[in-house]
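Q: What follows is a single structure, and I will ask about it in a moment.
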Amino acid sequence: MTKSLPTDLAVIPDKGVDGAAARLTPERVARVIQILLAEEGGARLKVYTETCVHCGLCSEACHFYLSNDKDPRFAPAAKVKQTLDPMIRKNGRVSVDFMKKACEIAFTECNLCRRCVMYCPFGIDISYLMLFVRRICHRLGMVPQYIQDTAHSHSATLNQMWVKEDEWIDTLQWQEDEARDEIPDLRIPLEKQGADVMYSVIGPEPKFRAQLIYQAAVIMHAAGVDWTMPATPGWDNSDMCMYTGDSEMMARLKKVHFETAMRLKTKRIVMGECGHAFRSVYDVGNRHLGWKMPPLPMVHAIEFYYELFRDGKLSLAKKYDVPLTLHDPCNVVRGRGLHEMARFVIHKTCTTFIEMHPNREHNYCCGAGGGVINCGPPYAKKRVEGNRVKADQLAAAKAKGARVIIAPCHNCHGGLEDIVKYYELDMEIKFLGDIIYECIEKGEVDS
Amino acid sequence: MEHRQWDWDIGKKKIADFHQWRDLYKQVQEPVVSPDGETLAAVVEVEDMVFSVCENGKLWENTFDRIWYPRFGPNSRLAALVSTEAAWTVATADCPWEAVFDFVWDPRFSACGGHISAAAQNEGQYNAVTDGVAWNASYPSLSGLAMANDGTKTAAVVQTVPFNSGDIFQFQEGCYSAAVNGKPWEHNFLNLWELNFSPDGRSLAAEARTTLYDYTIVVDGMPWPASFESVWKPVFHPADGSVTAPVRKSGKWFLAKNGAIIWEKPFLQLWHHQYSRDGRCIAAIVAPAFGKWTVAVDSRPWSLHFSDLVTDLAISPDGNRVACVGCTDGRWAVAVDNRCWNDRFDMVWQPVFSPDSRHVAAKVEKQGRFFILVNGRPLKQTFSELWDPVFSPDSTRLMVRGIEDQNSGHYCRYVFQLSDLV
Ligand code: SF4
Ligand code: SF4
């Protein structure tokens, strides 16, 4: 790895970042960094930053590095070198322009995908360090506009998409009505006390993809699951505050989510196909509150579908026969090891499965994760061009016959859709739930 | 009817043949039971997409396109949210309010059950409505409805300043306030949550965020003089009007009163604090260390702890005893006064103290069957559905309300002599 990096401070214009920069002084920047290094820069930060020997072994792990023709600026360790290292070395005395660049790197040049951890001989978690930079940015009020707006929505509505309390309930009732046209005795039981399962989703589902709630209801119905959905805030398991560095708001969101399940006395929470939300409920948010693990069992949809098929709760009317491949989402595969369960479900429901390479825990990130896609249109081109290796990987799977990509994660969907479009791959992207819904015996179907 | 006027005669009353309802109606939703145990009710589908409420086998005369959230008030009067041709209202005891709304939700009962409030939306404008009468003012958004005990006041977080989508800097100026009976506080905040009225209904407290990083408690629109890294729900002292809330400082949680820390001992987590009725004692759920959950009484944590969680804190009426639900390795238990009852369960509901504070009962679940524990010992009946136990006002009897899991599947109301049970 090169020792000195280009010091180009040009940044992409962003109302959130530029607006904050206009109000900041170098003194305030220094003070905030000093406080955070002193109060929150504990042993983990110290070990990571002091252990890195700049060997560059992590570089080949990073899709940004590979996709940008191995430009050394995009190597994982280089991201630290351009952001946190100078802040530590200069005890916070960095310029506002420096912070703008650091903000762009931390928010839009790292998906916090943790692929590089596996390649580092010391297990240094670059994503942790990039999150620390984001924490500093948050405390400076310097966060890209789109994701900050999402964080505001989380704070005001306790969901990601400004969904109002009545809109949420109305959406569930609407989906129940729609589903009853197909399956007359189907219900989406709201506020049922003591059900086995509370089903939780992310904000975009009621806003843009309400049919996923419909499909989940059909799967629950067909499998005979005793389930409920809350009619109060707390239904949204997603968490962009985890990614903006607003840990306090992240904690608040996780509290209301878990306490909603506790209030309903459900035995566990099953969540839809979302990766970042899983990271928040299973690892980061719960632990910030003092829970070592999720206080109630937290089951990702992949694991839930796996259980339903393993236990014979679902039977198939047909198998899905379009050749397909699987994109392993970082947060539930590197983060939780659900890759074999996903394959189990695919083998149950599909005729022709084609592996993409690399796969499982070595899969490349979709490029959307870590809140990068949530930073919005200003960074879209950079994001998609920063993941050319993903396009190559998909194209190779396509060359072997795959026409559909299963991506059991909302962010991955968004990221892969952009990649498929930009690189003209002409592949369809589906959730596991789409396939299951299409293939199962649905019970009493209205003719 | 007052509790003491309820039927406290020892014995079992068959109230309703719930299982038979399933044969009568296309769909029978989750049943609810009145506090006095005399009525079982459920939303039922009487014809295709035509719904009514069945109370003890008798249908409401009114039918609706949709009915949901049936709940009994403290006076055992049933209310539900109902809609006809997309117009929503609240129906109490088969009588819908005259006023209708584009949507109505989150109904609340006053302490005596005489008043019902709900959040309402008409043409994208929001307010609260009590007994069919809406606030004069309405707002572009409303959340977190709260009601004073006597039902004369409602409050909610409302948006007072318009901002365009993506206008993050306007949002950061503060665009929300709390409206009490429609009238907003003078100041705006970034966020307000967990509105809570004082017991006499005169004051309202809330959690507030005043900048992206500063949290405090606001009482009647006035922030505490101190700000913190975060705060949890404020609670009024039962008598003296002071307000306490958990606050986070330097990464640790403390209990603060009117802005000043009163529990000097830091906790990794501290929430859901409660006063005893006389205000003498405060108990809270705390984590003294990571993954170690217990109860603290007047800042002193129990030695007993649970690894997964502690929830459903309850203080006895005399303020001398505290109970909670705890869970370790997925196995749920009841703990009272720093001691855990023997058995472990699949789920445990909030423990209930007798009025004389001597006895504790709780609903528990094991392998799909529900039963009642009294002072740690199980009653022998098991149920397929069960509601929280209720002690008689003189603490000599216990009412159990449940649907039997054997034979008939009847909903029954039992009254036991406590001395026979303990
Ligand atoms: S994007 Fe992934 S591989 Fe690249 S630096 Fe970030 S965590 Fe490491
Ligand atoms: S592999 Fe590890 S030690 Fe080597 S440069 Fe990357 S982070 Fe540093």
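The chains in the structure tokens are called A, B, ... from first to last as shown; in each chain the residues are counted from 1, and the ligands are counted from 1 in the order shown.
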In stretch 85-211 of chain A, what's alpha helix (DSSP H) per DSSP? Answer as an NGL selection string?

A: :A and (85-89 or 96-108 or 126-139 or 145-157 or 165-182 or 204-208 or 210-211)

Q: Got a sec to tell me which of stretch 102-187 of chain B DSSP assigns to strand (DSSP E), as a PyMOL selection string?

A: chain B and resi 103-109+116-122+125-130+133-134+142-147+154-159+176-180+183-184

Q: Tell me which protein, DNA and RNA residues are within 12 Å of B:His3, counting only C-alpha atoms, leaving out same-chain ones fewer than 3 positions away, and put them as a PyMOL selection string.

A: chain B and resi 6-8+35-37+74-76+112+355+390-395+399

Q: Using only C-alpha atoms, which of the listed residues (B:Gly368, B:Asn56, B:Ala287, B:Lys12) sits closest to A:Asp226?

A: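 Among the listed residues, the smallest separation from A:Asp226 belongs to B:Gly368.
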
Q: Would you name the residues within 10 Å of ligand 2, counting only C-alpha atoms and all ligand atoms, and put them as a ChimeraX atom specification?

A: /A:1,48-61,75-81,116-126

Q: Can you write out the residues you just picked, keeping N, CA and C atoms, as an mmCIF file, in the first residue's frame?

A:
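Saved result, again_5.cif, follows:
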```cif
data_model
loop_
_atom_site.group_PDB
_atom_site.id
_atom_site.type_symbol
_atom_site.label_atom_id
_atom_site.label_comp_id
_atom_site.auth_asym_id
_atom_site.auth_seq_id
_atom_site.Cartn_x
_atom_site.Cartn_y
_atom_site.Cartn_z
ATOM 1 N N MET A 1 0.834 -1.194 0.000
ATOM 2 C CA MET A 1 0.000 0.000 0.000
ATOM 3 C C MET A 1 0.875 1.253 0.000
ATOM 4 N N TYR A 48 -7.455 -0.826 17.639
ATOM 5 C CA TYR A 48 -7.538 -0.860 16.178
ATOM 6 C C TYR A 48 -6.574 0.153 15.544
ATOM 7 N N THR A 49 -6.619 1.370 16.054
ATOM 8 C CA THR A 49 -5.813 2.391 15.386
ATOM 9 C C THR A 49 -4.323 2.174 15.632
ATOM 10 N N GLU A 50 -3.974 1.614 16.777
ATOM 11 C CA GLU A 50 -2.553 1.450 17.087
ATOM 12 C C GLU A 50 -1.982 0.138 16.558
ATOM 13 N N THR A 51 -2.879 -0.812 16.200
ATOM 14 C CA THR A 51 -2.383 -2.111 15.759
ATOM 15 C C THR A 51 -2.135 -2.169 14.260
ATOM 16 N N CYS A 52 -2.879 -1.395 13.520
ATOM 17 C CA CYS A 52 -2.778 -1.456 12.062
ATOM 18 C C CYS A 52 -1.333 -1.214 11.626
ATOM 19 N N VAL A 53 -0.794 -2.170 10.844
ATOM 20 C CA VAL A 53 0.583 -2.036 10.383
ATOM 21 C C VAL A 53 0.636 -1.578 8.923
ATOM 22 N N HIS A 54 -0.522 -1.187 8.412
ATOM 23 C CA HIS A 54 -0.631 -0.690 7.032
ATOM 24 C C HIS A 54 -0.075 -1.695 6.029
ATOM 25 N N CYS A 55 -0.375 -2.953 6.268
ATOM 26 C CA CYS A 55 0.119 -3.995 5.379
ATOM 27 C C CYS A 55 -0.678 -4.052 4.085
ATOM 28 N N GLY A 56 -1.899 -3.537 4.115
ATOM 29 C CA GLY A 56 -2.710 -3.489 2.906
ATOM 30 C C GLY A 56 -3.415 -4.791 2.565
ATOM 31 N N LEU A 57 -3.341 -5.782 3.453
ATOM 32 C CA LEU A 57 -4.001 -7.060 3.157
ATOM 33 C C LEU A 57 -5.516 -6.909 3.049
ATOM 34 N N CYS A 58 -6.042 -5.873 3.677
ATOM 35 C CA CYS A 58 -7.490 -5.671 3.646
ATOM 36 C C CYS A 58 -7.956 -5.044 2.327
ATOM 37 N N SER A 59 -7.025 -4.478 1.581
ATOM 38 C CA SER A 59 -7.429 -3.709 0.399
ATOM 39 C C SER A 59 -8.259 -4.526 -0.574
ATOM 40 N N GLU A 60 -7.760 -5.715 -0.888
ATOM 41 C CA GLU A 60 -8.433 -6.551 -1.895
ATOM 42 C C GLU A 60 -9.829 -6.976 -1.441
ATOM 43 N N ALA A 61 -10.123 -6.784 -0.174
ATOM 44 C CA ALA A 61 -11.449 -7.165 0.335
ATOM 45 C C ALA A 61 -12.504 -6.145 -0.039
ATOM 46 N N ALA A 75 -8.724 1.996 -0.206
ATOM 47 C CA ALA A 75 -8.360 0.845 0.622
ATOM 48 C C ALA A 75 -8.895 1.066 2.038
ATOM 49 N N PRO A 76 -9.356 0.001 2.680
ATOM 50 C CA PRO A 76 -9.940 0.178 4.014
ATOM 51 C C PRO A 76 -9.045 0.963 4.971
ATOM 52 N N ALA A 77 -7.807 0.554 5.085
ATOM 53 C CA ALA A 77 -6.931 1.234 6.042
ATOM 54 C C ALA A 77 -6.716 2.687 5.645
ATOM 55 N N ALA A 78 -6.800 2.951 4.317
ATOM 56 C CA ALA A 78 -6.602 4.327 3.852
ATOM 57 C C ALA A 78 -7.756 5.232 4.284
ATOM 58 N N LYS A 79 -8.904 4.633 4.427
ATOM 59 C CA LYS A 79 -10.057 5.431 4.860
ATOM 60 C C LYS A 79 -9.833 5.935 6.288
ATOM 61 N N VAL A 80 -9.173 5.097 7.070
ATOM 62 C CA VAL A 80 -8.845 5.518 8.440
ATOM 63 C C VAL A 80 -7.747 6.583 8.384
ATOM 64 N N LYS A 81 -6.831 6.331 7.505
ATOM 65 C CA LYS A 81 -5.693 7.250 7.376
ATOM 66 C C LYS A 81 -6.135 8.652 6.948
ATOM 67 N N CYS A 116 -13.706 -6.534 5.050
ATOM 68 C CA CYS A 116 -12.267 -6.376 5.240
ATOM 69 C C CYS A 116 -11.779 -6.979 6.566
ATOM 70 N N VAL A 117 -12.669 -7.085 7.557
ATOM 71 C CA VAL A 117 -12.249 -7.662 8.850
ATOM 72 C C VAL A 117 -11.667 -9.047 8.637
ATOM 73 N N MET A 118 -12.283 -9.769 7.692
ATOM 74 C CA MET A 118 -11.870 -11.159 7.500
ATOM 75 C C MET A 118 -10.486 -11.260 6.862
ATOM 76 N N TYR A 119 -10.036 -10.181 6.257
ATOM 77 C CA TYR A 119 -8.747 -10.215 5.550
ATOM 78 C C TYR A 119 -7.604 -9.621 6.368
ATOM 79 N N CYS A 120 -7.980 -9.000 7.476
ATOM 80 C CA CYS A 120 -6.956 -8.364 8.309
ATOM 81 C C CYS A 120 -6.392 -9.384 9.300
ATOM 82 N N PRO A 121 -5.080 -9.546 9.324
ATOM 83 C CA PRO A 121 -4.508 -10.534 10.251
ATOM 84 C C PRO A 121 -4.829 -10.230 11.714
ATOM 85 N N PHE A 122 -5.150 -8.978 12.004
ATOM 86 C CA PHE A 122 -5.457 -8.618 13.399
ATOM 87 C C PHE A 122 -6.961 -8.488 13.650
ATOM 88 N N GLY A 123 -7.757 -8.712 12.615
ATOM 89 C CA GLY A 123 -9.207 -8.590 12.792
ATOM 90 C C GLY A 123 -9.656 -7.162 13.049
ATOM 91 N N ILE A 124 -8.943 -6.215 12.485
ATOM 92 C CA ILE A 124 -9.326 -4.815 12.701
ATOM 93 C C ILE A 124 -10.623 -4.529 11.953
ATOM 94 N N ASP A 125 -11.571 -3.959 12.672
ATOM 95 C CA ASP A 125 -12.900 -3.708 12.110
ATOM 96 C C ASP A 125 -12.969 -2.252 11.633
ATOM 97 N N ILE A 126 -12.697 -2.074 10.356
ATOM 98 C CA ILE A 126 -12.694 -0.720 9.782
ATOM 99 C C ILE A 126 -14.080 -0.075 9.932
#
```

Q: Do me a favour and pick out the residues of chain A within 7 Å of chain B, using only C-alpha atoms, as a PyMOL selection string.

A: chain A and resi 145-146+148-149+155-156+165-166+248+289-292+295

Q: To one decimal place in Å, what is the distance between atom CA of A:Glu205 and atom CA of B:Thr89?

A: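 Taking atom CA of A:Glu205 as the start and atom CA of B:Thr89 as the end point, the length is 27.0 Å.
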